[in-house]
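Have a look at the structure below, then the notes.
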Amino acid sequence: MLKAYALEVLGFDLAGIAAATPLESTTRLREWVGHGFHAGMGYMAETLEVRGDPSRFLPGARSVVCVAMSYHDAPEEPELAPRGDRVVVARYARRSDYHKVIKRRLVRLGRFLRTLVPAVTWRIGVDEHPLLERDLAERAGLGWIGKNTCLINRRLGSELLLGELVTDLTLPPDPAEGDHCGSCTSCLDACPTRALPIPRLLDARRCISYLTIEHRSELGEDLHRPVGAHLFGCDICQAVCPWNVRARCRAADPLRPRPHLGALRLDTLDRLEIASWDSLVAGTPLRRLSFARFRRNLGIVADNLRQKDEA
Ligand code: B12
Ligand code: SF4
Ligand code: SF4
């Protein structure tokens, strides 16, 4: 009944239930942080022990309702190479900020649960909350974690945004889905910075998504060229994935794309003052990029596009 409400009334694309017991993958997370693969994301190290154990997120947690919303805009062509002076913004960021959208829906899901069981306790999680979201979603049967480390669903692909409702209620868990990557290595082969050295291991120090969104200081010279035309985020290891090429779905309101954010041009961006940058990105995930980091990224992209023209 809860899953049906999430899907049919609230409009989530996927919903499943996982037991709230500690995740085995916490060991992997410790190793990942131990090797420094988390780069400058200090919050990953600080919240390490909480992330893999939902009962530390919500004392007494028994179940996690995992949900996902698609932002797939098939049949758009995969944007591996930029055209002309086109600057690339990750597809998830070309629309309203999913954090707000998913949070609002999860709160409604929690309120609905309370009408069924008045004494229930719940807490919601989306992205910045210390939960291993993809591992929980995998356990809840929403898909599997691919070699590019993204959660992939057989029907919808991996262009999914995740959220959770953690509750002290015991709910019947869904079966987990098996791995469907097989012998494919397209994502590892396509990564321009070799940030995926082996399957399911992402080295954030080399990932364009980390470097353009989260990294605070200047980028190492050796990483400038591979950043290409990416102003914010990177979709390459998902664009080449056969499960996304095959996915046949469309992002629904309120996650429909804002077309102008998919067609940004270097010369237009270069003329932006801080106030016009703020209004361009208002209400989207691009808001996370301060004007100073926007200028830093744009400088790198401009050099790369210029060199491409000269070549
Ligand atoms: C930190 C972070 C990042 C970092 C690090 C990415 C990473 N792979 O961890 C950076 C900034 C690079 C990033 C990039 C992106 N992110 Co991000 N990010 C997160 C965040 C906040 C935490 C992820 C995390 O726990 N990482 C820790 C590492 C260790 O996890 P991991 O690499 O997946 O490894 C786990 C498993 O793969 C497994 N494992 C690892 N190795 C092995 C090996 C074997 C053999 C096995 C069996 C298992 C296994 O154990 C590990 C621990 O659980 C989550 C939100 C959340 N709270 O979970 C969003 C989240 C993962 N991001 C998301 C998105 C959309 C993106 C981008 C697509 C954005 C973009 N277009 O630029 C890219 C995708 C890059 C990629 N290939 O992952 C979505 C992913 C949705 C999905 N379908 O998977 C999330 C879930 C946010 C959300 N609420 O929707 N992100
Ligand atoms: S997001 Fe881009 S840079 Fe990061 S692992 Fe994927 S392809 Fe490589
Ligand atoms: S590109 Fe291939 S290996 Fe990579 S996640 Fe997709 S199916 Fe798995």
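Please note that chains go A, B, ... in the order of the structure tokens, that every chain numbers its residues from 1, and that ligands are numbered from 1 in the order shown.
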
Any idea what's packed within 9 Å of segment 110-113 of chain A, counting only C-alpha atoms, ignoring anything in its chain fewer than 2 positions away? Could you give it as a PyMOL selection string?
chain A and resi 2+5+105-108+115-118+120-124+165+167

Can I get the selected residues back with C-alpha atoms, as a PDB file, in the first residue's frame?
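After the write, out.pdb holds the following:
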```
ATOM      1  CA  LEU A   2       2.884   2.334   0.877  1.00  0.00           C
ATOM      2  CA  TYR A   5       1.006   5.421  -2.777  1.00  0.00           C
ATOM      3  CA  ARG A 105       7.195  13.974  -1.803  1.00  0.00           C
ATOM      4  CA  LEU A 106       8.893  11.940   0.918  1.00  0.00           C
ATOM      5  CA  VAL A 107       7.360  14.133   3.628  1.00  0.00           C
ATOM      6  CA  ARG A 108       3.948  13.421   2.103  1.00  0.00           C
ATOM      7  CA  THR A 115      -2.369   8.037   8.955  1.00  0.00           C
ATOM      8  CA  LEU A 116      -1.977   4.245   8.778  1.00  0.00           C
ATOM      9  CA  VAL A 117       0.176   3.846  11.918  1.00  0.00           C
ATOM     10  CA  PRO A 118      -0.081   6.947  14.129  1.00  0.00           C
ATOM     11  CA  VAL A 120       5.339   5.509  13.630  1.00  0.00           C
ATOM     12  CA  THR A 121       8.652   7.398  13.577  1.00  0.00           C
ATOM     13  CA  TRP A 122      10.301   8.316  10.278  1.00  0.00           C
ATOM     14  CA  ARG A 123      13.097  10.426   8.857  1.00  0.00           C
ATOM     15  CA  ILE A 124      13.798  11.256   5.233  1.00  0.00           C
ATOM     16  CA  LEU A 165      12.136   7.228   4.079  1.00  0.00           C
ATOM     17  CA  THR A 167      11.155   4.173   9.586  1.00  0.00           C
TER      18      THR A 167
END
```

What residues of the protein or nucleic acid chains come within 7 Å of ligand 1 when you use only C-alpha atoms and all ligand atoms? Reply as a ChimeraX atom specification.
/A:25-26,28-29,32,38,44,90-92,126-135,145,148-152,158-163,199-202,204,207,209-210,213-214,232-235,237

Give me every strand (DSSP E or B) residue in segment 32-243 of chain A, going by DSSP on the backbone, as an NGL selection string.
:A and (63-70 or 73 or 86 or 88-89 or 122-125 or 144-145 or 151-153 or 157 or 160-167 or 198 or 201 or 230-232)

Residues just named, written with C-alpha atoms as a CSV table (one decimal), in the first residue's frame:
```csv
chain,number,residue,atom,x,y,z
A,63,SER,CA,13.0,-0.5,7.3
A,64,VAL,CA,13.9,1.9,4.5
A,65,VAL,CA,11.5,2.8,1.7
A,66,CYS,CA,13.7,3.7,-1.2
A,67,VAL,CA,12.4,5.8,-4.1
A,68,ALA,CA,13.7,7.0,-7.4
A,69,MET,CA,12.8,9.7,-10.0
A,70,SER,CA,14.0,9.5,-13.6
A,73,ASP,CA,15.1,12.5,-21.7
A,86,ARG,CA,28.6,24.6,-26.6
A,88,VAL,CA,28.3,21.0,-21.1
A,89,VAL,CA,26.1,21.0,-18.0
A,122,TRP,CA,10.3,8.3,10.3
A,123,ARG,CA,13.1,10.4,8.9
A,124,ILE,CA,13.8,11.3,5.2
A,125,GLY,CA,17.1,11.2,3.4
A,144,TRP,CA,22.1,-2.9,-9.3
A,145,ILE,CA,25.3,-0.9,-8.8
A,151,LEU,CA,22.5,2.5,-9.6
A,152,ILE,CA,20.9,1.1,-12.8
A,153,ASN,CA,17.4,-0.1,-13.3
A,157,GLY,CA,18.6,3.0,-16.9
A,160,LEU,CA,17.8,8.3,-11.6
A,161,LEU,CA,17.7,10.4,-8.4
A,162,LEU,CA,17.3,8.7,-5.1
A,163,GLY,CA,15.6,9.3,-1.8
A,164,GLU,CA,14.7,7.3,1.3
A,165,LEU,CA,12.1,7.2,4.1
A,166,VAL,CA,13.7,5.5,7.1
A,167,THR,CA,11.2,4.2,9.6
A,198,ILE,CA,38.6,-0.9,-11.9
A,201,LEU,CA,35.8,2.0,-7.8
A,230,HIS,CA,32.3,20.3,-18.9
A,231,LEU,CA,31.2,23.3,-16.8
A,232,PHE,CA,29.3,21.3,-14.2
```

Could I get the residue neighbourhood of ligand 3 at 6 Å, counting only C-alpha atoms and all ligand atoms, as a ChimeraX atom specification?
/A:146-148,181,184-187,240-242

Could those residues be written to a file, using N, CA and C atoms, as an mmCIF file, in the first residue's frame?
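Written out: out_10.cif:
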```
data_model
loop_
_atom_site.group_PDB
_atom_site.id
_atom_site.type_symbol
_atom_site.label_atom_id
_atom_site.label_comp_id
_atom_site.auth_asym_id
_atom_site.auth_seq_id
_atom_site.Cartn_x
_atom_site.Cartn_y
_atom_site.Cartn_z
ATOM 1 N N GLY A 146 26.231 -0.508 -11.014
ATOM 2 C CA GLY A 146 27.016 -0.858 -12.194
ATOM 3 C C GLY A 146 28.499 -0.602 -11.982
ATOM 4 N N LYS A 147 29.289 -0.942 -13.005
ATOM 5 C CA LYS A 147 30.740 -0.757 -12.918
ATOM 6 C C LYS A 147 31.107 0.724 -12.862
ATOM 7 N N ASN A 148 30.171 1.588 -13.278
ATOM 8 C CA ASN A 148 30.422 3.042 -13.176
ATOM 9 C C ASN A 148 30.002 3.574 -11.801
ATOM 10 N N CYS A 181 25.710 -6.085 -15.635
ATOM 11 C CA CYS A 181 26.780 -5.447 -16.434
ATOM 12 C C CYS A 181 27.446 -6.481 -17.351
ATOM 13 N N CYS A 184 30.619 -6.191 -20.168
ATOM 14 C CA CYS A 184 30.735 -4.819 -20.695
ATOM 15 C C CYS A 184 31.738 -4.009 -19.870
ATOM 16 N N THR A 185 32.500 -3.149 -20.534
ATOM 17 C CA THR A 185 33.405 -2.231 -19.817
ATOM 18 C C THR A 185 33.332 -0.826 -20.445
ATOM 19 N N SER A 186 32.222 -0.528 -21.125
ATOM 20 C CA SER A 186 32.124 0.744 -21.870
ATOM 21 C C SER A 186 32.393 1.952 -20.988
ATOM 22 N N CYS A 187 31.876 1.941 -19.763
ATOM 23 C CA CYS A 187 32.049 3.127 -18.899
ATOM 24 C C CYS A 187 33.507 3.303 -18.504
ATOM 25 N N VAL A 240 27.370 6.350 -22.167
ATOM 26 C CA VAL A 240 27.804 5.207 -22.988
ATOM 27 C C VAL A 240 27.184 3.887 -22.519
ATOM 28 N N CYS A 241 26.481 3.931 -21.416
ATOM 29 C CA CYS A 241 25.960 2.674 -20.846
ATOM 30 C C CYS A 241 24.794 2.148 -21.685
ATOM 31 N N PRO A 242 24.871 0.897 -22.134
ATOM 32 C CA PRO A 242 23.785 0.374 -22.976
ATOM 33 C C PRO A 242 22.422 0.422 -22.294
#
```

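In this structure, atom CA of Pro257 of chain A sits 12.8 Å away from atom CA of Val281 of chain A.
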
Residues flagged alpha helix (DSSP H) by DSSP in segment 71-282 of chain A, as a ChimeraX atom specification
/A:98-116,133-139,186-190,208-209,221-227,236-239,242-246,266-270,274-281

Residues just named, written with C-alpha atoms as a PDB file, in the first residue's frame:
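This went into out35.pdb:
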```pdb
ATOM      1  CA  TYR A  98      15.673  17.349  -7.243  1.00  0.00           C
ATOM      2  CA  HIS A  99      16.478  17.689  -3.550  1.00  0.00           C
ATOM      3  CA  LYS A 100      13.423  19.852  -2.960  1.00  0.00           C
ATOM      4  CA  VAL A 101      11.167  17.813  -5.230  1.00  0.00           C
ATOM      5  CA  ILE A 102      12.041  14.457  -3.635  1.00  0.00           C
ATOM      6  CA  LYS A 103      12.020  15.803  -0.065  1.00  0.00           C
ATOM      7  CA  ARG A 104       8.531  17.280  -0.470  1.00  0.00           C
ATOM      8  CA  ARG A 105       7.195  13.974  -1.803  1.00  0.00           C
ATOM      9  CA  LEU A 106       8.893  11.940   0.918  1.00  0.00           C
ATOM     10  CA  VAL A 107       7.360  14.133   3.628  1.00  0.00           C
ATOM     11  CA  ARG A 108       3.948  13.421   2.103  1.00  0.00           C
ATOM     12  CA  LEU A 109       4.811   9.704   2.132  1.00  0.00           C
ATOM     13  CA  GLY A 110       5.712   9.934   5.836  1.00  0.00           C
ATOM     14  CA  ARG A 111       2.460  11.731   6.639  1.00  0.00           C
ATOM     15  CA  PHE A 112       0.517   9.085   4.756  1.00  0.00           C
ATOM     16  CA  LEU A 113       2.308   6.375   6.760  1.00  0.00           C
ATOM     17  CA  ARG A 114       1.311   8.172   9.960  1.00  0.00           C
ATOM     18  CA  THR A 115      -2.369   8.037   8.955  1.00  0.00           C
ATOM     19  CA  LEU A 116      -1.977   4.245   8.778  1.00  0.00           C
ATOM     20  CA  GLU A 133      21.730   5.635  -0.939  1.00  0.00           C
ATOM     21  CA  ARG A 134      22.739   3.438  -3.871  1.00  0.00           C
ATOM     22  CA  ASP A 135      23.492   0.441  -1.677  1.00  0.00           C
ATOM     23  CA  LEU A 136      20.120   0.797   0.061  1.00  0.00           C
ATOM     24  CA  ALA A 137      18.335   1.162  -3.292  1.00  0.00           C
ATOM     25  CA  GLU A 138      20.119  -1.963  -4.546  1.00  0.00           C
ATOM     26  CA  ARG A 139      19.012  -3.862  -1.444  1.00  0.00           C
ATOM     27  CA  SER A 186      32.124   0.744 -21.870  1.00  0.00           C
ATOM     28  CA  CYS A 187      32.049   3.127 -18.899  1.00  0.00           C
ATOM     29  CA  LEU A 188      35.596   2.293 -17.763  1.00  0.00           C
ATOM     30  CA  ASP A 189      36.877   2.687 -21.328  1.00  0.00           C
ATOM     31  CA  ALA A 190      35.075   5.994 -21.953  1.00  0.00           C
ATOM     32  CA  ILE A 208      35.212  15.539 -13.622  1.00  0.00           C
ATOM     33  CA  SER A 209      31.998  15.570 -11.645  1.00  0.00           C
ATOM     34  CA  GLU A 221      47.245  21.192 -14.842  1.00  0.00           C
ATOM     35  CA  ASP A 222      47.135  17.553 -16.009  1.00  0.00           C
ATOM     36  CA  LEU A 223      43.361  17.504 -15.511  1.00  0.00           C
ATOM     37  CA  HIS A 224      42.528  20.649 -17.503  1.00  0.00           C
ATOM     38  CA  ARG A 225      42.421  19.033 -20.959  1.00  0.00           C
ATOM     39  CA  PRO A 226      40.350  15.966 -19.973  1.00  0.00           C
ATOM     40  CA  VAL A 227      37.704  18.261 -18.420  1.00  0.00           C
ATOM     41  CA  ILE A 236      30.040  10.265 -19.928  1.00  0.00           C
ATOM     42  CA  CYS A 237      30.120   6.980 -17.991  1.00  0.00           C
ATOM     43  CA  GLN A 238      26.319   6.940 -18.064  1.00  0.00           C
ATOM     44  CA  ALA A 239      25.824   8.179 -21.627  1.00  0.00           C
ATOM     45  CA  PRO A 242      23.785   0.374 -22.976  1.00  0.00           C
ATOM     46  CA  TRP A 243      21.115   0.424 -20.277  1.00  0.00           C
ATOM     47  CA  ASN A 244      20.667   4.178 -20.821  1.00  0.00           C
ATOM     48  CA  VAL A 245      20.790   3.947 -24.595  1.00  0.00           C
ATOM     49  CA  ARG A 246      17.999   1.388 -24.305  1.00  0.00           C
ATOM     50  CA  LEU A 266      30.839  30.093 -24.172  1.00  0.00           C
ATOM     51  CA  ASP A 267      30.491  33.688 -25.362  1.00  0.00           C
ATOM     52  CA  THR A 268      27.163  34.177 -23.553  1.00  0.00           C
ATOM     53  CA  LEU A 269      28.501  32.713 -20.310  1.00  0.00           C
ATOM     54  CA  ASP A 270      31.676  34.747 -20.521  1.00  0.00           C
ATOM     55  CA  ILE A 274      27.367  37.601 -10.794  1.00  0.00           C
ATOM     56  CA  ALA A 275      23.697  38.713 -10.636  1.00  0.00           C
ATOM     57  CA  SER A 276      22.836  37.230 -14.032  1.00  0.00           C
ATOM     58  CA  TRP A 277      24.660  33.985 -13.140  1.00  0.00           C
ATOM     59  CA  ASP A 278      22.561  33.770  -9.962  1.00  0.00           C
ATOM     60  CA  SER A 279      19.317  34.251 -11.860  1.00  0.00           C
ATOM     61  CA  LEU A 280      20.352  31.779 -14.618  1.00  0.00           C
ATOM     62  CA  VAL A 281      20.894  28.984 -12.092  1.00  0.00           C
TER      63      VAL A 281
END
```

Would you please work out which residue, of A:Leu211, A:Ala18, A:Ala229, A:Leu289, is nearest to Arg265 of chain A when using only C-alpha atoms?
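Once distances to Arg265 of chain A are computed over only C-alpha atoms, the minimum belongs to A:Ala229.
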
Nearest candidate to Leu58 of chain A (options A:Ala20, A:Glu46, A:Ala93, A:Asp85; using only C-alpha atoms)
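Between A:Ala20, A:Glu46, A:Ala93, A:Asp85, the residue approaching Leu58 of chain A most closely is A:Ala20.
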
What is the atom CA of Glu310 of chain A-atom CA of Pro259 of chain A distance in Å, reported with one decimal?
28.9 Å

Pairwise distance, atom CA of Ala247 of chain A with atom CA of Arg288 of chain A, equals 28.7 Å
